[in-house]
Structures are given as structure tokens and as C-alpha cells.
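Have a look at the structure below, then the notes.
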Amino acid sequence: MEGEKTFMSRMGDGSIVYQTAEEIRADILEGVADAASRGKIPPLSADEMEHIFEIVTMKGNIVGVEPGDEVVSTSDSGGYKLSEKCGIPIEKSAEAMVFERAYGCDSVDIGFPDYNYKTVKGIADREAFVMKNALDKTTMPLFYGAMTNLGFYTKPDGPVENWAELLPNGRIDEALAAQEEAVEHAVKDIVYVAEHMYRVGADGMNLDSSGAAGDADFLAALKATEIITKRFPNMGVELGMAGEFVLGMHGKLTYDGVRLAGLYPHKQVKLVEKAGASIFGAVVNTNCSQTFAWNIARVCTFMKACVDAAVIPVHANVGMGVCGMPMCEIIPTDIVCRVDKALVEICKIDGL
Amino acid sequence: MGDPFSTDITHSVVAGMGGIRTAGDLVLRMQLTHKMKINEAKKYVADKLGVTLMELRDVVTMTEIRTELGLGTVEPFDSSNAGMEAKFRISEVTGMKINSVERFKERIGMK
């Protein structure tokens with residue numbers, strides 16, 4: 001309606017959009033309903049939805065949590081954002097000091113730019129040396145981080161047949177067997193890297209973007225977590241997800257008797273706990289075609305159910321394109337701060 | 001991912017404990033080693049340091065305490081600890097077992 005007051009917000013791709021209060025409230029309702037329906041979880045209460053409306057429409061470029069409600073942070077950036085992304089020539093162990101003493105982070109992960117354990121296996125001793133240097137110079141906890149990335153184990157670069165080629169050709173049994181074989185290779189590589197990091201004193205391992213290649217990928221991360229936490233005392237594991245929903249690329253894989261395909265965060269976290277992880281990195285996807293109001297309402301519905309179900313700390317993944325963060329490389333801070341406030345105040349997350 | 005200003009820095013300013021500016025590193029250590037949820041972890045660390053929960057997230061109070069106890073600060077001048085020496089003190093003061101401290105002790109023949 002002409003002349004009606006509008007609020008500046010953004011779409012899931014970061015572009016600016018102006019919405020009326022009525023439109024924002026409608027989007028919040030739709031986002032909540034979508035999550036509740038897909039996850040078969042309770043919707044947010046009317047008060048919680050009203051709080052989301054307040055956060056979305058709150059005045060100010062930056063909004064923040066109430067004093068005393070602060071949480072802690074972990075990362076899945078490899079500690080190379082300055083060097084590899086911003087092009088500032090700085091060595092990774094020095095970069096960890098910047099995260100600690102300039103950015104106010106509670107931890108950072110050391111990692112290799114080709115962020116996967118298969119690649120790191122070949123240079124694990126060199127990466128461990130970087131970790132050792134960083135541990136000598138920093139006070140905060142340091143993780144070693146990388147992705148399971150099961151797709152890297154397929155031919156021609158890896159040892160097993162490519163299930164993405166086998167499946168369309170109807171070679172189902174071979175596709176399933178290839179994924180099962182890849183799981184075993186990945187577990188060995190992750191544990192091998194973890195052993196190097198343990199020897200130099202790493203505080204934790206970050207198994208990032210688990211499930212990126214589907215249920216077999218998630219299974220490899222769970223199995224590796226189980227071994228790491230038993231074999232290496234005093235070194236915890238954070239297991240973070242790639243998406244909100246475990247894709248059934250295999251479809252029949254189970255862990256602790258639970259089928260992995262189709263699990264949403266509130267069920268994923270129970271298996272992550274069973275595997276022995278200390279922290280669960282929960283993910284809800286951002287939909288680029290929907291508004292921030294729709295996305296954050298949907299995110300909070302999923303995340304609240306996950307935190308309610310969890311015994312271990314839950315860190316919401318708030319990088320590009322997840323948990324309401326827009327899908328753009330340089331992310332607008334007016335949305336970032338509203339994401340954080342909503343996750344802390346509505347979902348009671350344990351960290352970011 | 002995303003750029004460091006819009007992710008790491010903004011998260012720290014908007015909702016973070018601030019790492020060694022306050023006691024965020026210590027709270028995270030309790031999550032990592034004891035699987036404590038955020039409020040339980042904060043209470044554990046506050047009790048160990050003898051501060052209130054509001055003091056635990058206050059940069060002025062915590063800079064004084066961290067300097068006094070040698071727990072590491074963001075400006076580690078000659079009288080302050082940093083890095084491994086700070087982690088030795090954190091381990092002593094809070095009773096946490098820190099992997100890098102334990103491995104360091106092994107390497108120099110302390111255990």
C-alpha cells in the first residue's frame with residue numbers, strides 16, 4: 001500500500017528488500033511452518049515469532065545480545081582468511097594470533113586451503129608443525145579443521161569407483177559398495193591426521209561440513225569421531241554439518257541402528273553425541289529466494305529443536321549461506337548481527 | 001566462510017565473549033573437554049576465578065584478573081604471559097588438562 005511504512009531487510013542472497021510489517025510477519029509464519037513441517041518439530045511460540053519480528057525490524061545497523069548472554073565461538077575457516085582470501089601475506093600460525101588478539105575470537109582452526117583430510121594426509125607432518133608453532137604462541141584453544149569430503153575418494157583422483165556415475169547407469173550395488181569402501185578410506189585419513197595433531201598438542205579436531213557427499217560422508221565423520229575420542233584423550237572433536245538434511249546418496253547406511261539418510265539437526269545431534277563429540281556444529285540452509293524474515297524464522301525453529309534435544313553444546317554454523325546468513329561472499333553485517341541475536345535469544349545456542 | 005570482518009569480527013562484537021579479552025577461551029575449553037553447555041561452562045570458570053557471571057564477561061575486570069594470574073591477555077607486555085606460559089597457568093588455576101601443555105611437558109622432560 002502506498003505510503004505504508006516499510007523496513008529495509010535482505011533476501012537470502014543478500015540483496016536489499018523493503019517490506020511492510022504485515023509482509024514480515026507473514027514471512028515469519030511461513031518460515032516457521034516450513035521447518036515444523038519438514039522436521040516434524042514444534043513450531044515457535046507466538047512470543048518467539050514476535051521476538052523475531054522485533055529483531056528483523058530493530059533500528060540500527062548493528063544490534064547485539066544482552067550483556068551476560070554472550071556465547072563462545074569456533075570456526076571452520078582454516079585460519080587462513082587473511083592470507084588465502086584477503087591476500088595479506090601472513091603465515092598461518094601468525095594468523096591464529098590475529099584471530100586471538102585482534103578479532104576477539106575464542107578459538108580458531110588451523111587448516112589447509114584445500115580443506116579436506118585426504119589432501120592433508122600427505123602433508124600431515126607439515127601441518128602439524130604449523131599447529132605446533134601456533135600452539136606455542138597462542139592462549140586460546142586451537143582446532144585442526146578439514147572436511148571429510150568423501151567425493152575426493154572417487155576415481156580418477158581417488159581409489160574407488162564414482163558412485164555418481166554408477167547410480168545413473170543403474171549399477172546400484174556397485175555404487176553402494178563404492179561409498180562403503182570410501183568411508184573406510186576417509187576414516188583412516190581423518191584419524192591419521194588427528195594423530196599428528198594430537199602429538200603436537202592440538203586442543204581439538206574439527207570435522208567440518210560432514211555429510212557434504214551424503215549419508216556415507218556423515219557416517220565417516222561419526223566413525224572417525226568415535227576413534228579419535230577414544231584414542232586421544234584431552235583432544236575434543238567438533239563435528240559440524242554441511243547442510244540441514246542428510247542426503248541419502250547411499251540410503252541404507254545406519255549408525256547406532258539409526259538410518260542416516262533424511263535426518264534433520266535435532267536427530268543428527270543425538271548420533272554425534274553417541275560418537276563422542278564435544279560440540280555439534282548445526283546447520284540450517286539459507287534459501288536465496290526467500291527473505292531474511294522467512295529464513296531466520298525457519299532457522300530458529302530447526303535450531304531450537306536441536307538445542308532442546310542436545311546434551312552437548314551446539315554451535316550454530318554462521319558462515320556464508322547457512323543459518324540465515326546471506327549467500328554472498330562479503331556478508332552484510334546488518335544481517336549477521338540479527339542472525340546472532342536471534343540464535344542466542346530464541347534458540348539458546350551454546351556457541352557460534 | 002565469508003570475509004573476516006563480517007563473520008569473525010562481527011560475531012565477536014555482537015554476541016561473543018571476546019576470547020582472552022574476557023574468559024571466552026576458558027569457557028570454550030570447558031565445552032571442549034567436559035562437554036558443558038554454555039551456562040554450566042561459564043559458572044564453572046567464574047567459580048574457579050572467584051568472579052560473578054557479569055564480571056566473567058567484563059573486559060576490565062578480566063584483564064586485571066588475567067594479568068594478575070598470568071592467564072594471558074591481548075596485550076602481553078613484559079609483565080604479562082602469553083601463549084604456552086599462559087596455558088601452563090590456566091591449567092594450574094582452573095584444573096583443566098590442556099593437551100598442548102601436557103605434550104610440552106613430555107617434550108622438555110617434565111613428565
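If you're wondering about the labels, chains in the C-alpha cells are A, B, ... by order shown, residues count from 1 in each chain, ligands from 1 in order shown.
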
With chain A as the partner and 7 Å as the cut-off, tabulate the residues of chain B that qualify, each row holding the nearest pair of atoms and their distance in Å to one decimal, using only C-alpha atoms, sorted by chain and rising number, as a tab-separated table.
residue	atom	partner	partner_atom	distance
B:Met1	CA	A:Gly319	CA	4.7
B:Gly2	CA	A:Glu329	CA	5.0
B:Asp3	CA	A:Ile330	CA	5.6
B:Pro4	CA	A:Lys81	CA	6.6
B:Ser6	CA	A:Thr333	CA	5.5
B:Thr7	CA	A:Gly319	CA	6.6
B:Asp8	CA	A:Tyr103	CA	6.8
B:Ile9	CA	A:Tyr103	CA	5.3
B:Thr10	CA	A:Thr333	CA	6.9
B:Ser12	CA	A:Gly104	CA	5.9
B:Val14	CA	A:Gly64	CA	4.5
B:Ala15	CA	A:Glu70	CA	4.9
B:Gly16	CA	A:Glu70	CA	5.1
B:Met17	CA	A:Glu70	CA	5.4
B:Gly18	CA	A:Gly104	CA	4.3
B:Gly19	CA	A:Asp106	CA	3.9
B:Ile20	CA	A:Met140	CA	6.9
B:Arg21	CA	A:Gly104	CA	6.6
B:Gly24	CA	A:Asp106	CA	5.3
B:Asp25	CA	A:Asp106	CA	4.7
B:Leu28	CA	A:Val72	CA	6.2
B:Arg29	CA	A:Pro141	CA	6.7
B:Gln31	CA	A:Pro313	CA	6.6
B:Leu32	CA	A:Ser278	CA	5.3
B:Thr33	CA	A:Gly236	CA	6.0
B:Lys35	CA	A:Ser278	CA	5.0
B:Met36	CA	A:Pro313	CA	6.4
B:Lys37	CA	A:Pro313	CA	4.8
B:Ile38	CA	A:Asp350	CA	4.8
B:Met54	CA	A:Gly68	CA	5.8
B:Arg57	CA	A:Gly68	CA	6.7
B:Gly72	CA	A:Thr139	CA	6.5
B:Val74	CA	A:Arg101	CA	4.7
B:Ala82	CA	A:Thr139	CA	6.3
B:Gly83	CA	A:Thr138	CA	4.1
B:Met84	CA	A:Asp136	CA	5.1
B:Ala86	CA	A:Thr139	CA	6.3
B:Lys87	CA	A:Thr139	CA	5.9
B:Lys97	CA	A:Asn234	CA	6.7
B:Ile98	CA	A:Asn234	CA	6.7
B:Asn99	CA	A:Gly201	CA	4.8
B:Ser100	CA	A:Gly201	CA	3.6
B:Arg103	CA	A:Gly201	CA	5.6

Only N, CA and C atoms, please: the residues just picked out, written as a CSV table (one decimal), in the first residue's frame.
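The file below, part.csv, is the result:
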chain,number,residue,atom,x,y,z
B,1,MET,N,32.2,-19.8,6.0
B,1,MET,CA,33.2,-18.9,5.4
B,1,MET,C,32.6,-17.5,5.3
B,2,GLY,N,33.1,-16.8,4.4
B,2,GLY,CA,32.7,-15.3,4.4
B,2,GLY,C,34.0,-14.6,4.8
B,3,ASP,N,33.9,-13.2,4.6
B,3,ASP,CA,35.1,-12.4,4.9
B,3,ASP,C,35.3,-12.3,6.4
B,4,PRO,N,36.5,-12.0,6.9
B,4,PRO,CA,36.7,-12.0,8.4
B,4,PRO,C,36.0,-10.8,9.1
B,6,SER,N,32.9,-9.6,8.3
B,6,SER,CA,31.5,-9.8,8.5
B,6,SER,C,31.2,-11.1,9.3
B,7,THR,N,32.2,-12.0,9.4
B,7,THR,CA,32.0,-13.2,10.2
B,7,THR,C,32.7,-13.1,11.6
B,8,ASP,N,33.9,-13.4,11.6
B,8,ASP,CA,34.7,-13.5,12.9
B,8,ASP,C,34.6,-12.2,13.7
B,9,ILE,N,34.8,-11.1,13.1
B,9,ILE,CA,34.8,-9.8,13.9
B,9,ILE,C,33.4,-9.5,14.4
B,10,THR,N,32.4,-9.5,13.5
B,10,THR,CA,31.1,-9.2,13.8
B,10,THR,C,30.5,-10.1,14.9
B,12,SER,N,32.1,-11.7,17.1
B,12,SER,CA,32.8,-11.3,18.4
B,12,SER,C,32.1,-10.1,19.0
B,14,VAL,N,29.1,-8.7,18.4
B,14,VAL,CA,27.7,-8.8,18.6
B,14,VAL,C,27.3,-9.8,19.7
B,15,ALA,N,27.9,-10.9,19.7
B,15,ALA,CA,27.5,-12.0,20.6
B,15,ALA,C,28.6,-12.8,21.3
B,16,GLY,N,29.8,-12.4,21.1
B,16,GLY,CA,30.9,-13.2,21.6
B,16,GLY,C,31.4,-12.8,22.9
B,17,MET,N,32.1,-13.7,23.6
B,17,MET,CA,32.7,-13.4,24.9
B,17,MET,C,34.0,-12.6,24.7
B,18,GLY,N,34.6,-12.7,23.5
B,18,GLY,CA,35.8,-12.0,23.2
B,18,GLY,C,37.1,-12.7,23.5
B,19,GLY,N,37.0,-14.0,23.6
B,19,GLY,CA,38.2,-14.8,23.8
B,19,GLY,C,39.0,-14.4,25.0
B,20,ILE,N,40.3,-14.1,24.9
B,20,ILE,CA,41.2,-13.8,26.0
B,20,ILE,C,41.0,-12.4,26.5
B,21,ARG,N,40.1,-11.6,25.8
B,21,ARG,CA,39.7,-10.3,26.3
B,21,ARG,C,39.0,-10.5,27.6
B,24,GLY,N,36.5,-16.1,27.4
B,24,GLY,CA,35.8,-16.9,26.3
B,24,GLY,C,36.6,-18.1,26.0
B,25,ASP,N,38.0,-18.0,26.0
B,25,ASP,CA,38.8,-19.2,25.8
B,25,ASP,C,38.6,-20.2,26.8
B,28,LEU,N,35.2,-21.9,26.5
B,28,LEU,CA,35.2,-22.9,25.4
B,28,LEU,C,36.0,-24.1,25.7
B,29,ARG,N,37.1,-24.0,26.5
B,29,ARG,CA,37.8,-25.2,26.9
B,29,ARG,C,36.9,-26.1,27.7
B,31,GLN,N,33.7,-26.5,27.4
B,31,GLN,CA,32.8,-27.1,26.4
B,31,GLN,C,33.5,-28.3,25.7
B,32,LEU,N,34.8,-28.0,25.3
B,32,LEU,CA,35.5,-29.0,24.5
B,32,LEU,C,36.0,-30.2,25.4
B,33,THR,N,36.4,-29.9,26.6
B,33,THR,CA,36.9,-31.0,27.4
B,33,THR,C,35.9,-31.7,28.2
B,35,LYS,N,32.3,-31.1,27.7
B,35,LYS,CA,31.0,-31.1,27.0
B,35,LYS,C,30.0,-30.3,27.8
B,36,MET,N,30.4,-29.2,28.4
B,36,MET,CA,29.4,-28.4,29.2
B,36,MET,C,28.7,-27.5,28.3
B,37,LYS,N,27.4,-27.3,28.5
B,37,LYS,CA,26.6,-26.3,27.8
B,37,LYS,C,27.1,-24.9,28.3
B,38,ILE,N,26.7,-23.9,27.6
B,38,ILE,CA,27.3,-22.5,27.8
B,38,ILE,C,27.1,-22.0,29.3
B,54,MET,N,28.7,-11.7,35.5
B,54,MET,CA,28.8,-10.5,34.8
B,54,MET,C,30.2,-10.0,34.7
B,57,ARG,N,32.3,-11.7,31.9
B,57,ARG,CA,32.2,-11.2,30.5
B,57,ARG,C,32.7,-9.8,30.4
B,72,GLY,N,47.3,-14.8,30.4
B,72,GLY,CA,47.4,-14.3,29.0
B,72,GLY,C,46.4,-13.2,28.7
B,74,VAL,N,45.4,-9.7,25.7
B,74,VAL,CA,45.6,-9.4,24.3
B,74,VAL,C,46.8,-8.5,24.1
B,82,ALA,N,51.8,-15.0,27.8
B,82,ALA,CA,51.2,-15.2,26.5
B,82,ALA,C,51.5,-16.6,26.0
B,83,GLY,N,50.7,-17.2,25.2
B,83,GLY,CA,51.0,-18.5,24.6
B,83,GLY,C,51.1,-19.6,25.6
B,84,MET,N,52.2,-20.4,25.5
B,84,MET,CA,52.4,-21.6,26.3
B,84,MET,C,52.4,-21.3,27.8
B,86,ALA,N,51.1,-18.9,29.4
B,86,ALA,CA,49.8,-18.6,29.9
B,86,ALA,C,48.9,-19.9,30.1
B,87,LYS,N,49.1,-20.8,29.2
B,87,LYS,CA,48.3,-22.1,29.2
B,87,LYS,C,48.8,-22.9,30.4
B,97,LYS,N,43.0,-29.9,32.1
B,97,LYS,CA,44.2,-30.6,31.4
B,97,LYS,C,44.2,-30.1,30.0
B,98,ILE,N,45.3,-29.4,29.6
B,98,ILE,CA,45.4,-28.8,28.3
B,98,ILE,C,46.4,-29.7,27.5
B,99,ASN,N,46.0,-30.2,26.3
B,99,ASN,CA,46.8,-31.1,25.6
B,99,ASN,C,48.1,-30.5,25.2
B,100,SER,N,48.2,-29.3,24.8
B,100,SER,CA,49.5,-28.7,24.4
B,100,SER,C,50.4,-28.6,25.6
B,103,ARG,N,51.7,-32.2,26.3
B,103,ARG,CA,52.7,-32.6,25.3
B,103,ARG,C,54.0,-31.8,25.4

**Residue neighbourhood Lys43 of chain B, 8 Å, only C-alpha atoms, exclusion window fewer than 4 positions, as a ChimeraX atom specification** = /B:39,47,53

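Near Ile190 of chain A, within 10 Å and counting only C-alpha atoms, sit Asn116, Tyr117, Lys118, Val120, Lys121, Ala146, Met147, Thr148, His185, Glu195, Met205, Leu207, Ala220, Ala221, Lys223, Ala224, Thr225, Ile227 and Ile228 of chain A; same-chain residues fewer than 5 positions away were not included.
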
**Asked** So how far away is atom CA of Thr301 of chain A from atom CA of His51 of chain A, in Å?
**Response** 12.8 Å

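With atom CA of Ile88 of chain A on one side and atom CA of Asp208 of chain A on the other, the separation reads 24.6 Å.
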
**Asked** So which residues of segment 170-234 of chain A fall under strand (DSSP E or B) by DSSP, listed as a PyMOL selection string?
**Response** chain A and resi 204-210

**Item:** Shell around Ser80 of chain B at 12 Å using only C-alpha atoms, local window under 2 positions removed, as a list in words
**Value:** Thr63, Glu64, Ile65, Arg66, Thr67, Glu68, Leu69, Gly70, Leu71, Gly72, Thr73, Val74, Glu75, Pro76, Phe77, Asp78, Ala82, Gly83, Glu85, Ala86 and Arg89 of chain B

**Request:** Extract, using only C-alpha atoms, all DNA, RNA and protein residues at most 6 Å from Ala297 of chain A, discarding same-chain residues fewer than 4 positions from it, and format them as a PyMOL selection string.
**Result:** chain A and resi 28+31-32

**Request:** Find the spatial neighbours of segment 282-287 of chain A, counting only C-alpha atoms, within a cut-off of 7 Å - ignore same-chain residues fewer than 2 positions away - and output them as JSON, numbers by chain.
**Result:** {"A": [12, 240, 241, 242, 243, 244, 265, 280, 289, 290, 295, 299, 314, 315, 316, 317, 321, 322, 323, 324, 325, 326]}

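Closest to Lys48 of chain B among B:Met110, B:Val13, B:Val60, B:Met30 is B:Met30, based on only C-alpha atoms.
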
**Request:** Tell me which protein, DNA and RNA residues are within 8 Å of Leu56 of chain B, counting only C-alpha atoms, leaving out same-chain ones fewer than 2 positions away, and put them as a list in words.
**Result:** Thr22, Ala23, Lys42, Ala46, Val51, Thr52, Leu53, Met54, Asp58, Thr61 and Met62 of chain B

**Prompt:** Could you pull out the alpha helix (DSSP H) residues of chain B from DSSP and send them as number ranges by chain?
**Reply:** B: 10-15, 24-34, 38-49, 53-56, 59-69, 83-94, 99-107

Residue selection dump (C-alpha atoms) as a PDB file, in the first residue's frame:
ATOM      1  CA  THR B  10      31.061  -9.159  13.823  1.00  0.00           C
ATOM      2  CA  HIS B  11      30.244 -12.351  15.736  1.00  0.00           C
ATOM      3  CA  SER B  12      32.785 -11.326  18.402  1.00  0.00           C
ATOM      4  CA  VAL B  13      31.350  -7.819  18.748  1.00  0.00           C
ATOM      5  CA  VAL B  14      27.663  -8.758  18.636  1.00  0.00           C
ATOM      6  CA  ALA B  15      27.458 -11.980  20.598  1.00  0.00           C
ATOM      7  CA  GLY B  24      35.837 -16.898  26.336  1.00  0.00           C
ATOM      8  CA  ASP B  25      38.818 -19.167  25.771  1.00  0.00           C
ATOM      9  CA  LEU B  26      38.351 -20.747  29.206  1.00  0.00           C
ATOM     10  CA  VAL B  27      34.611 -21.255  28.736  1.00  0.00           C
ATOM     11  CA  LEU B  28      35.213 -22.878  25.358  1.00  0.00           C
ATOM     12  CA  ARG B  29      37.814 -25.163  26.919  1.00  0.00           C
ATOM     13  CA  MET B  30      35.150 -26.442  29.314  1.00  0.00           C
ATOM     14  CA  GLN B  31      32.810 -27.119  26.395  1.00  0.00           C
ATOM     15  CA  LEU B  32      35.538 -28.955  24.535  1.00  0.00           C
ATOM     16  CA  THR B  33      36.935 -31.041  27.373  1.00  0.00           C
ATOM     17  CA  HIS B  34      33.831 -31.556  29.543  1.00  0.00           C
ATOM     18  CA  ILE B  38      27.289 -22.542  27.828  1.00  0.00           C
ATOM     19  CA  ASN B  39      25.775 -21.583  31.188  1.00  0.00           C
ATOM     20  CA  GLU B  40      27.353 -24.509  33.018  1.00  0.00           C
ATOM     21  CA  ALA B  41      30.747 -23.735  31.477  1.00  0.00           C
ATOM     22  CA  LYS B  42      30.517 -20.059  32.423  1.00  0.00           C
ATOM     23  CA  LYS B  43      29.595 -20.919  36.009  1.00  0.00           C
ATOM     24  CA  TYR B  44      32.468 -23.389  36.332  1.00  0.00           C
ATOM     25  CA  VAL B  45      35.034 -20.843  35.148  1.00  0.00           C
ATOM     26  CA  ALA B  46      33.525 -17.995  37.202  1.00  0.00           C
ATOM     27  CA  ASP B  47      33.651 -20.118  40.353  1.00  0.00           C
ATOM     28  CA  LYS B  48      37.265 -21.112  39.715  1.00  0.00           C
ATOM     29  CA  LEU B  49      38.277 -17.472  39.233  1.00  0.00           C
ATOM     30  CA  LEU B  53      28.970 -14.154  35.773  1.00  0.00           C
ATOM     31  CA  MET B  54      28.758 -10.472  34.808  1.00  0.00           C
ATOM     32  CA  GLU B  55      32.411  -9.939  35.749  1.00  0.00           C
ATOM     33  CA  LEU B  56      33.368 -13.000  33.704  1.00  0.00           C
ATOM     34  CA  VAL B  59      36.917  -6.880  29.766  1.00  0.00           C
ATOM     35  CA  VAL B  60      38.131  -4.525  32.514  1.00  0.00           C
ATOM     36  CA  THR B  61      37.673  -6.993  35.360  1.00  0.00           C
ATOM     37  CA  MET B  62      39.030  -9.908  33.386  1.00  0.00           C
ATOM     38  CA  THR B  63      42.094  -8.070  32.067  1.00  0.00           C
ATOM     39  CA  GLU B  64      43.081  -7.330  35.670  1.00  0.00           C
ATOM     40  CA  ILE B  65      42.478 -10.906  36.766  1.00  0.00           C
ATOM     41  CA  ARG B  66      44.206 -12.450  33.776  1.00  0.00           C
ATOM     42  CA  THR B  67      47.231 -10.193  34.235  1.00  0.00           C
ATOM     43  CA  GLU B  68      47.401 -10.910  37.949  1.00  0.00           C
ATOM     44  CA  LEU B  69      47.101 -14.687  37.484  1.00  0.00           C
ATOM     45  CA  GLY B  83      50.977 -18.479  24.620  1.00  0.00           C
ATOM     46  CA  MET B  84      52.350 -21.600  26.276  1.00  0.00           C
ATOM     47  CA  GLU B  85      53.316 -19.896  29.557  1.00  0.00           C
ATOM     48  CA  ALA B  86      49.754 -18.579  29.914  1.00  0.00           C
ATOM     49  CA  LYS B  87      48.344 -22.059  29.224  1.00  0.00           C
ATOM     50  CA  PHE B  88      50.535 -23.552  31.968  1.00  0.00           C
ATOM     51  CA  ARG B  89      48.995 -21.037  34.377  1.00  0.00           C
ATOM     52  CA  ILE B  90      45.445 -21.696  33.070  1.00  0.00           C
ATOM     53  CA  SER B  91      45.952 -25.392  33.676  1.00  0.00           C
ATOM     54  CA  GLU B  92      47.166 -24.745  37.244  1.00  0.00           C
ATOM     55  CA  VAL B  93      44.498 -22.194  38.169  1.00  0.00           C
ATOM     56  CA  THR B  94      41.457 -23.919  36.677  1.00  0.00           C
ATOM     57  CA  ASN B  99      46.766 -31.090  25.560  1.00  0.00           C
ATOM     58  CA  SER B 100      49.484 -28.700  24.354  1.00  0.00           C
ATOM     59  CA  VAL B 101      50.698 -28.200  27.940  1.00  0.00           C
ATOM     60  CA  GLU B 102      50.835 -31.958  28.534  1.00  0.00           C
ATOM     61  CA  ARG B 103      52.718 -32.575  25.261  1.00  0.00           C
ATOM     62  CA  PHE B 104      55.081 -29.667  26.053  1.00  0.00           C
ATOM     63  CA  LYS B 105      55.875 -31.190  29.446  1.00  0.00           C
ATOM     64  CA  GLU B 106      56.690 -34.511  27.747  1.00  0.00           C
ATOM     65  CA  ARG B 107      58.960 -32.844  25.218  1.00  0.00           C
TER      66      ARG B 107
END
